[in-house]
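File shown: work_23.pdb. Contents: PDB, C-alpha atoms, pLDDT in the B column.
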ATOM      1  CA  MET A  63       8.968 -26.790 -48.528  1.00 56.00           C
ATOM      2  CA  LYS A  64      11.148 -23.994 -47.080  1.00 57.00           C
ATOM      3  CA  THR A  65       8.147 -21.693 -47.053  1.00 59.00           C
ATOM      4  CA  THR A  66       6.059 -24.256 -45.187  1.00 54.00           C
ATOM      5  CA  ILE A  67       8.791 -24.774 -42.572  1.00 53.00           C
ATOM      6  CA  LEU A  68       9.230 -21.006 -42.130  1.00 48.00           C
ATOM      7  CA  PHE A  69       5.477 -20.588 -41.801  1.00 52.00           C
ATOM      8  CA  LEU A  70       5.249 -23.367 -39.196  1.00 47.00           C
ATOM      9  CA  LEU A  71       8.199 -21.940 -37.228  1.00 49.00           C
ATOM     10  CA  SER A  72       6.628 -18.462 -37.330  1.00 52.00           C
ATOM     11  CA  LEU A  73       3.314 -19.877 -36.161  1.00 48.00           C
ATOM     12  CA  LEU A  74       5.027 -21.763 -33.331  1.00 48.00           C
ATOM     13  CA  LEU A  75       6.938 -18.652 -32.259  1.00 47.00           C
ATOM     14  CA  PHE A  76       3.787 -16.529 -32.372  1.00 47.00           C
ATOM     15  CA  ALA A  77       1.809 -19.074 -30.339  1.00 43.00           C
ATOM     16  CA  SER A  78       4.524 -19.293 -27.677  1.00 45.00           C
ATOM     17  CA  CYS A  79       4.545 -15.529 -27.099  1.00 49.00           C
ATOM     18  CA  LYS A  80       2.373 -14.676 -24.131  1.00 54.00           C
ATOM     19  CA  LYS A  81       0.928 -11.206 -24.110  1.00 65.00           C
ATOM     20  CA  GLU A  82       1.357  -9.596 -20.693  1.00 74.00           C
ATOM     21  CA  GLU A  83      -1.991  -8.760 -19.130  1.00 90.00           C
ATOM     22  CA  PHE A  84      -2.710  -5.812 -16.848  1.00 93.00           C
ATOM     23  CA  GLY A  85      -5.223  -4.733 -14.256  1.00 93.00           C
ATOM     24  CA  SER A  86      -5.507  -1.648 -12.076  1.00 93.00           C
ATOM     25  CA  LEU A  87      -5.304  -1.033  -8.357  1.00 92.00           C
ATOM     26  CA  SER A  88      -6.516   1.458  -5.757  1.00 92.00           C
ATOM     27  CA  VAL A  89      -5.421   1.630  -2.104  1.00 93.00           C
ATOM     28  CA  SER A  90      -7.462   3.419   0.573  1.00 92.00           C
ATOM     29  CA  LEU A  91      -6.519   4.182   4.172  1.00 92.00           C
ATOM     30  CA  LYS A  92      -8.744   3.824   7.232  1.00 89.00           C
ATOM     31  CA  ASP A  93      -8.422   3.653  10.990  1.00 88.00           C
ATOM     32  CA  GLY A  94     -10.323   2.787  14.124  1.00 79.00           C
ATOM     33  CA  PRO A  95     -10.789   4.975  17.200  1.00 83.00           C
ATOM     34  CA  ALA A  96      -7.860   5.964  19.431  1.00 88.00           C
ATOM     35  CA  ASN A  97      -7.483   7.744  22.727  1.00 91.00           C
ATOM     36  CA  HIS A  98      -5.769  10.837  21.230  1.00 93.00           C
ATOM     37  CA  GLN A  99      -6.914  14.018  19.475  1.00 95.00           C
ATOM     38  CA  GLU A 100      -4.735  13.584  16.361  1.00 95.00           C
ATOM     39  CA  ILE A 101      -2.279  11.017  15.012  1.00 95.00           C
ATOM     40  CA  ASN A 102      -0.512  12.628  12.057  1.00 96.00           C
ATOM     41  CA  VAL A 103       1.465  10.294   9.801  1.00 95.00           C
ATOM     42  CA  ASP A 104       3.732  11.387   6.939  1.00 95.00           C
ATOM     43  CA  ILE A 105       3.087   8.937   4.053  1.00 95.00           C
ATOM     44  CA  GLN A 106       5.532   9.284   1.160  1.00 95.00           C
ATOM     45  CA  LYS A 107       5.123   6.181  -0.988  1.00 95.00           C
ATOM     46  CA  VAL A 108       2.914   3.105  -1.471  1.00 95.00           C
ATOM     47  CA  GLU A 109       4.139   0.005  -3.305  1.00 95.00           C
ATOM     48  CA  VAL A 110       2.895  -3.531  -3.956  1.00 94.00           C
ATOM     49  CA  LEU A 111       4.945  -6.694  -4.337  1.00 94.00           C
ATOM     50  CA  ILE A 112       3.848  -8.915  -7.184  1.00 91.00           C
ATOM     51  CA  ALA A 113       5.348 -12.348  -6.740  1.00 85.00           C
ATOM     52  CA  GLU A 114       4.797 -14.906  -9.444  1.00 77.00           C
ATOM     53  CA  LYS A 115       6.886 -18.009 -10.014  1.00 76.00           C
ATOM     54  CA  ASN A 116      10.525 -16.956  -9.548  1.00 80.00           C
ATOM     55  CA  LEU A 117       9.926 -13.268 -10.183  1.00 82.00           C
ATOM     56  CA  GLN A 118       9.265 -10.774  -7.408  1.00 91.00           C
ATOM     57  CA  LYS A 119       9.002  -7.084  -8.183  1.00 92.00           C
ATOM     58  CA  TRP A 120       7.914  -4.013  -6.217  1.00 94.00           C
ATOM     59  CA  TYR A 121       5.596  -1.687  -8.162  1.00 93.00           C
ATOM     60  CA  PRO A 122       5.340   1.923  -6.956  1.00 94.00           C
ATOM     61  CA  LEU A 123       1.828   3.360  -7.009  1.00 94.00           C
ATOM     62  CA  ASN A 124       0.740   6.925  -7.727  1.00 94.00           C
ATOM     63  CA  THR A 125       0.717   8.023  -4.097  1.00 95.00           C
ATOM     64  CA  ASN A 126      -1.050  11.055  -2.670  1.00 94.00           C
ATOM     65  CA  LYS A 127       1.933  12.037  -0.509  1.00 96.00           C
ATOM     66  CA  GLY A 128       1.204  13.995   2.614  1.00 96.00           C
ATOM     67  CA  ILE A 129       0.533  14.096   6.304  1.00 96.00           C
ATOM     68  CA  TYR A 130      -2.625  12.222   7.245  1.00 95.00           C
ATOM     69  CA  ASN A 131      -4.464  12.473  10.560  1.00 95.00           C
ATOM     70  CA  LEU A 132      -5.420   8.819  10.928  1.00 94.00           C
ATOM     71  CA  LEU A 133      -8.269   9.616  13.297  1.00 93.00           C
ATOM     72  CA  LEU A 134     -10.177  11.381  10.502  1.00 92.00           C
ATOM     73  CA  PHE A 135     -10.536   8.090   8.623  1.00 90.00           C
ATOM     74  CA  GLU A 136     -12.510   6.062  11.117  1.00 84.00           C
ATOM     75  CA  ASN A 137     -15.786   6.466   9.234  1.00 79.00           C
ATOM     76  CA  VAL A 138     -14.609   7.989   5.939  1.00 80.00           C
ATOM     77  CA  PRO A 139     -11.490   6.345   4.455  1.00 84.00           C
ATOM     78  CA  VAL A 140      -9.241   8.303   2.082  1.00 89.00           C
ATOM     79  CA  MET A 141      -7.859   7.223  -1.300  1.00 89.00           C
ATOM     80  CA  LEU A 142      -4.125   6.889  -0.733  1.00 88.00           C
ATOM     81  CA  ALA A 143      -2.773   5.524  -4.009  1.00 87.00           C
ATOM     82  CA  THR A 144      -3.776   4.241  -7.431  1.00 89.00           C
ATOM     83  CA  HIS A 145      -2.177   2.685 -10.441  1.00 88.00           C
ATOM     84  CA  GLY A 146      -3.814   2.217 -13.802  1.00 82.00           C
ATOM     85  CA  LYS A 147      -1.563  -0.488 -15.193  1.00 89.00           C
ATOM     86  CA  ILE A 148      -0.194  -3.263 -12.976  1.00 89.00           C
ATOM     87  CA  PRO A 149       0.741  -6.670 -14.375  1.00 90.00           C
ATOM     88  CA  SER A 150      -1.811  -9.335 -13.512  1.00 90.00           C
ATOM     89  CA  GLY A 151      -0.686 -11.618 -10.736  1.00 92.00           C
ATOM     90  CA  PRO A 152      -0.632 -12.236  -7.003  1.00 94.00           C
ATOM     91  CA  ILE A 153       0.155  -9.421  -4.565  1.00 93.00           C
ATOM     92  CA  SER A 154       1.918 -10.784  -1.499  1.00 93.00           C
ATOM     93  CA  GLN A 155       2.782  -7.524   0.297  1.00 93.00           C
ATOM     94  CA  LEU A 156       2.025  -3.816   0.435  1.00 94.00           C
ATOM     95  CA  ARG A 157       4.663  -1.355   1.591  1.00 95.00           C
ATOM     96  CA  LEU A 158       4.189   2.159   2.959  1.00 95.00           C
ATOM     97  CA  THR A 159       7.203   4.468   3.148  1.00 94.00           C
ATOM     98  CA  LEU A 160       6.877   7.023   5.922  1.00 94.00           C
ATOM     99  CA  GLY A 161       8.551  10.409   6.178  1.00 92.00           C
ATOM    100  CA  SER A 162       9.818  12.067   9.346  1.00 90.00           C
ATOM    101  CA  ASN A 163       6.985  14.592   9.948  1.00 93.00           C
ATOM    102  CA  ASN A 164       4.867  12.446  12.279  1.00 95.00           C
ATOM    103  CA  SER A 165       3.135  13.938  15.301  1.00 96.00           C
ATOM    104  CA  LEU A 166       0.606  13.252  18.006  1.00 95.00           C
ATOM    105  CA  LYS A 167      -1.877  15.626  19.632  1.00 96.00           C
ATOM    106  CA  THR A 168      -2.956  14.571  23.086  1.00 93.00           C
ATOM    107  CA  GLY A 169      -4.111  16.713  26.012  1.00 93.00           C
ATOM    108  CA  ASN A 170      -4.215  19.705  23.608  1.00 95.00           C
ATOM    109  CA  GLU A 171      -0.423  19.443  23.103  1.00 95.00           C
ATOM    110  CA  TYR A 172       1.494  18.342  20.000  1.00 97.00           C
ATOM    111  CA  TYR A 173       4.402  15.890  20.320  1.00 96.00           C
ATOM    112  CA  PRO A 174       6.708  14.527  17.621  1.00 95.00           C
ATOM    113  CA  MET A 175       6.459  10.798  17.014  1.00 94.00           C
ATOM    114  CA  ALA A 176       9.737   9.029  16.317  1.00 92.00           C
ATOM    115  CA  LEU A 177       9.922   6.038  13.990  1.00 92.00           C
ATOM    116  CA  PRO A 178      11.751   2.789  14.806  1.00 89.00           C
ATOM    117  CA  ALA A 179      14.518   3.615  12.308  1.00 81.00           C
ATOM    118  CA  PRO A 180      17.832   5.472  12.479  1.00 77.00           C
ATOM    119  CA  PRO A 181      17.548   9.252  11.946  1.00 71.00           C
ATOM    120  CA  ASN A 182      17.587  10.422   8.313  1.00 69.00           C
ATOM    121  CA  ARG A 183      16.620   6.971   7.042  1.00 75.00           C
ATOM    122  CA  GLN A 184      13.342   6.078   5.433  1.00 80.00           C
ATOM    123  CA  PHE A 185      11.064   3.804   7.401  1.00 92.00           C
ATOM    124  CA  THR A 186       8.853   1.292   5.630  1.00 92.00           C
ATOM    125  CA  VAL A 187       5.841  -0.595   6.877  1.00 92.00           C
ATOM    126  CA  THR A 188       5.365  -3.961   5.198  1.00 92.00           C
ATOM    127  CA  ILE A 189       1.827  -5.299   5.304  1.00 93.00           C
ATOM    128  CA  PRO A 190       1.053  -8.923   4.400  1.00 92.00           C
ATOM    129  CA  ALA A 191      -1.396  -9.367   1.537  1.00 92.00           C
ATOM    130  CA  ASP A 192      -2.967 -12.235  -0.340  1.00 92.00           C
ATOM    131  CA  PHE A 193      -4.679 -10.664  -3.353  1.00 92.00           C
ATOM    132  CA  ARG A 194      -4.626 -11.130  -7.091  1.00 93.00           C
ATOM    133  CA  ILE A 195      -4.763  -8.488  -9.787  1.00 91.00           C
ATOM    134  CA  LEU A 196      -6.876  -9.815 -12.632  1.00 92.00           C
ATOM    135  CA  SER A 197      -6.606  -8.779 -16.251  1.00 93.00           C
ATOM    136  CA  ASN A 198      -8.756  -5.765 -17.192  1.00 93.00           C
ATOM    137  CA  GLN A 199     -10.176  -5.470 -13.659  1.00 92.00           C
ATOM    138  CA  THR A 200      -9.621  -3.067 -10.790  1.00 92.00           C
ATOM    139  CA  LEU A 201      -8.608  -4.354  -7.383  1.00 92.00           C
ATOM    140  CA  HIS A 202      -9.601  -2.151  -4.430  1.00 92.00           C
ATOM    141  CA  VAL A 203      -7.477  -2.621  -1.309  1.00 92.00           C
ATOM    142  CA  ILE A 204      -8.011  -1.021   2.074  1.00 91.00           C
ATOM    143  CA  VAL A 205      -5.182  -0.559   4.580  1.00 92.00           C
ATOM    144  CA  ASP A 206      -6.275  -0.289   8.192  1.00 91.00           C
ATOM    145  CA  ILE A 207      -3.678   1.154  10.571  1.00 91.00           C
ATOM    146  CA  ASP A 208      -4.561   0.459  14.192  1.00 92.00           C
ATOM    147  CA  ALA A 209      -3.665   3.897  15.574  1.00 89.00           C
ATOM    148  CA  GLU A 210      -4.268   3.003  19.216  1.00 89.00           C
ATOM    149  CA  ARG A 211      -1.838   0.062  19.113  1.00 93.00           C
ATOM    150  CA  SER A 212       0.649   1.878  16.831  1.00 93.00           C
ATOM    151  CA  VAL A 213       1.459   4.765  19.215  1.00 94.00           C
ATOM    152  CA  LEU A 214       3.804   3.865  22.076  1.00 94.00           C
ATOM    153  CA  LYS A 215       4.576   6.238  24.952  1.00 93.00           C
ATOM    154  CA  LYS A 216       8.309   6.257  25.722  1.00 91.00           C
ATOM    155  CA  GLY A 217       8.481   8.605  28.703  1.00 85.00           C
ATOM    156  CA  SER A 218       7.325  12.131  29.406  1.00 86.00           C
ATOM    157  CA  GLY A 219       6.371  13.740  26.088  1.00 84.00           C
ATOM    158  CA  ARG A 220       8.137  11.079  23.988  1.00 91.00           C
ATOM    159  CA  TYR A 221       6.201   8.903  21.571  1.00 95.00           C
ATOM    160  CA  LEU A 222       7.111   6.223  19.060  1.00 94.00           C
ATOM    161  CA  PHE A 223       5.001   5.378  16.009  1.00 94.00           C
ATOM    162  CA  GLU A 224       5.343   1.673  15.280  1.00 93.00           C
ATOM    163  CA  PRO A 225       2.513   0.899  12.826  1.00 92.00           C
ATOM    164  CA  VAL A 226       0.267  -2.108  13.264  1.00 92.00           C
ATOM    165  CA  ALA A 227      -1.618  -2.560   9.994  1.00 91.00           C
ATOM    166  CA  ILE A 228      -3.712  -5.049   8.043  1.00 88.00           C
ATOM    167  CA  SER A 229      -5.047  -5.072   4.497  1.00 89.00           C
ATOM    168  CA  ALA A 230      -8.196  -6.398   2.849  1.00 88.00           C
ATOM    169  CA  THR A 231      -9.985  -6.145  -0.492  1.00 84.00           C
ATOM    170  CA  ILE A 232     -13.349  -4.565  -1.132  1.00 75.00           C
ATOM    171  CA  ASN A 233     -15.653  -4.785  -4.143  1.00 67.00           C
ATOM    172  CA  SER A 234     -15.791  -1.066  -4.822  1.00 59.00           C
ATOM    173  CA  PRO A 235     -14.529   2.181  -3.269  1.00 56.00           C
ATOM    174  CA  LEU A 236     -18.220   2.946  -2.649  1.00 54.00           C
ATOM    175  CA  ASP A 237     -18.267   0.076  -0.130  1.00 58.00           C
ATOM    176  CA  LEU A 238     -16.143   2.287   2.106  1.00 50.00           C
ATOM    177  CA  TYR A 239     -18.946   4.795   2.649  1.00 51.00           C
TER
END

In structure tokens, what does this structure look like?
Amino acid sequence: MKTTILFLLSLLLFASCKKEEFGSLSVSLKDGPANHQEINVDIQKVEVLIAEKNLQKWYPLNTNKGIYNLLLFENVPVMLATHGKIPSGPISQLRLTLGSNNSLKTGNEYYPMALPAPPNRQFTVTIPADFRILSNQTLHVIVDIDAERSVLKKGSGRYLFEPVAISATINSPLDLY
């Protein structure tokens, strides 16, 4: 009798354990045309917010840190970040962390671009998302920064980079080309 009860309790415990499922994710960056020669943005980190039930958690991705000239990605997007193991669930936001080495080339002159954040503080761009990572599948997300609308002139030779961005999913990274 004790053995039967222990067996049934073990079976109940085993059945109630839910194995966490994982998928993978890639994030690419693209841009549309702008009326400048270069818009160089210092991207330091990419994260996604997985929000399910009462749990919300930011997951950092393997980010290709660096300075990106957004105008090079009008026709050929670049892979910005990947992650091979993300818990399955809904993604409600993407977040880009920018560094301080942002610049603009216009009229054959380079100008620094300030960020709308206090000096020596990281600036993050939060992009709304409505995607779901499925178990054993790869989700491909594209982030489109509208360079023309993101650069604001603040006087003679002074520029502010205030990113305007959207995100969408694609079937495959090959759809980008």

List as a list in words the residues having at least one atom at most 12 Å from position (-0.2, -14.2, -0.4) as given in the file, counting all atoms listed in the file. Val110, Leu111, Ile112, Ala113, Glu114, Gly151, Pro152, Ile153, Ser154, Gln155, Leu156, Ile189, Pro190, Ala191, Asp192, Phe193, Arg194, Ile195, Ser229 and Ala230 of chain A

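Remark: for A:Leu142, the closest of the candidate residues A:Asn97, A:Ser88, A:Asn116, A:Gln184 is A:Ser88 (distances computed over all atoms listed in the file).
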
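Proximity of A:Ala179, A:Val205, A:Tyr172, A:Ser197 to A:Arg220, computed with only C-alpha atoms, is greatest for A:Tyr172.
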
Near A:Pro95, within 12 Å and counting only C-alpha atoms, which residues show up once chain neighbours fewer than 4 positions away are dropped, as a PyMOL selection string? chain A and resi 99-101+131-137+206-212

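The nearest approach to A:Phe223 among the residues A:Val187, A:Val89, A:Leu123, A:Leu201, with only C-alpha atoms taken into account, belongs to A:Val187.
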
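With only C-alpha atoms as the atoms that count, the residue of A:Asn164, A:Thr188, A:Ser218, A:Asn198 with the shortest distance to A:Trp120 is A:Thr188.
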
Taking all atoms of stretch 185-200 of chain A that the file lists and extending 3 Å past them on each side, where is the centre of the axis-aligned box and how long are its edges? Answer in Å to one decimal, as JSON.
{"center_x": 0.4, "center_y": -4.2, "center_z": -4.9, "size_x": 27.2, "size_y": 22.0, "size_z": 30.6}

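Every protein or nucleic acid residue with an atom no more than 12 Å from A:Thr125, counting only C-alpha atoms and leaving out same-chain residues fewer than 6 positions away, appears here: A:Leu87, A:Ser88, A:Val89, A:Ser90, A:Leu91, A:Asp104, A:Ile105, A:Gln106, A:Lys107, A:Val108, A:Glu109, A:Val110, A:Val140, A:Met141, A:Leu142, A:Ala143, A:Thr144, A:His145, A:Arg157, A:Leu158, A:Thr159, A:Leu160.
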
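One finds atom CA of A:Met175 at 9.3 Å from atom CA of A:Lys215.
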
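Evaluated on this file, the PyMOL selection byres ((chain A and resi 177) around 10) matches Leu160, Gly161, Ser162, Asn163, Asn164, Pro174, Met175, Ala176, Pro178, Ala179, Pro180, Pro181, Arg183, Gln184, Phe185, Thr186, Tyr221, Leu222, Phe223, Glu224 and Pro225 of chain A.
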
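Computed from the coordinates, the atom CA of A:Ala227 to atom CA of A:Leu214 distance equals 14.7 Å.
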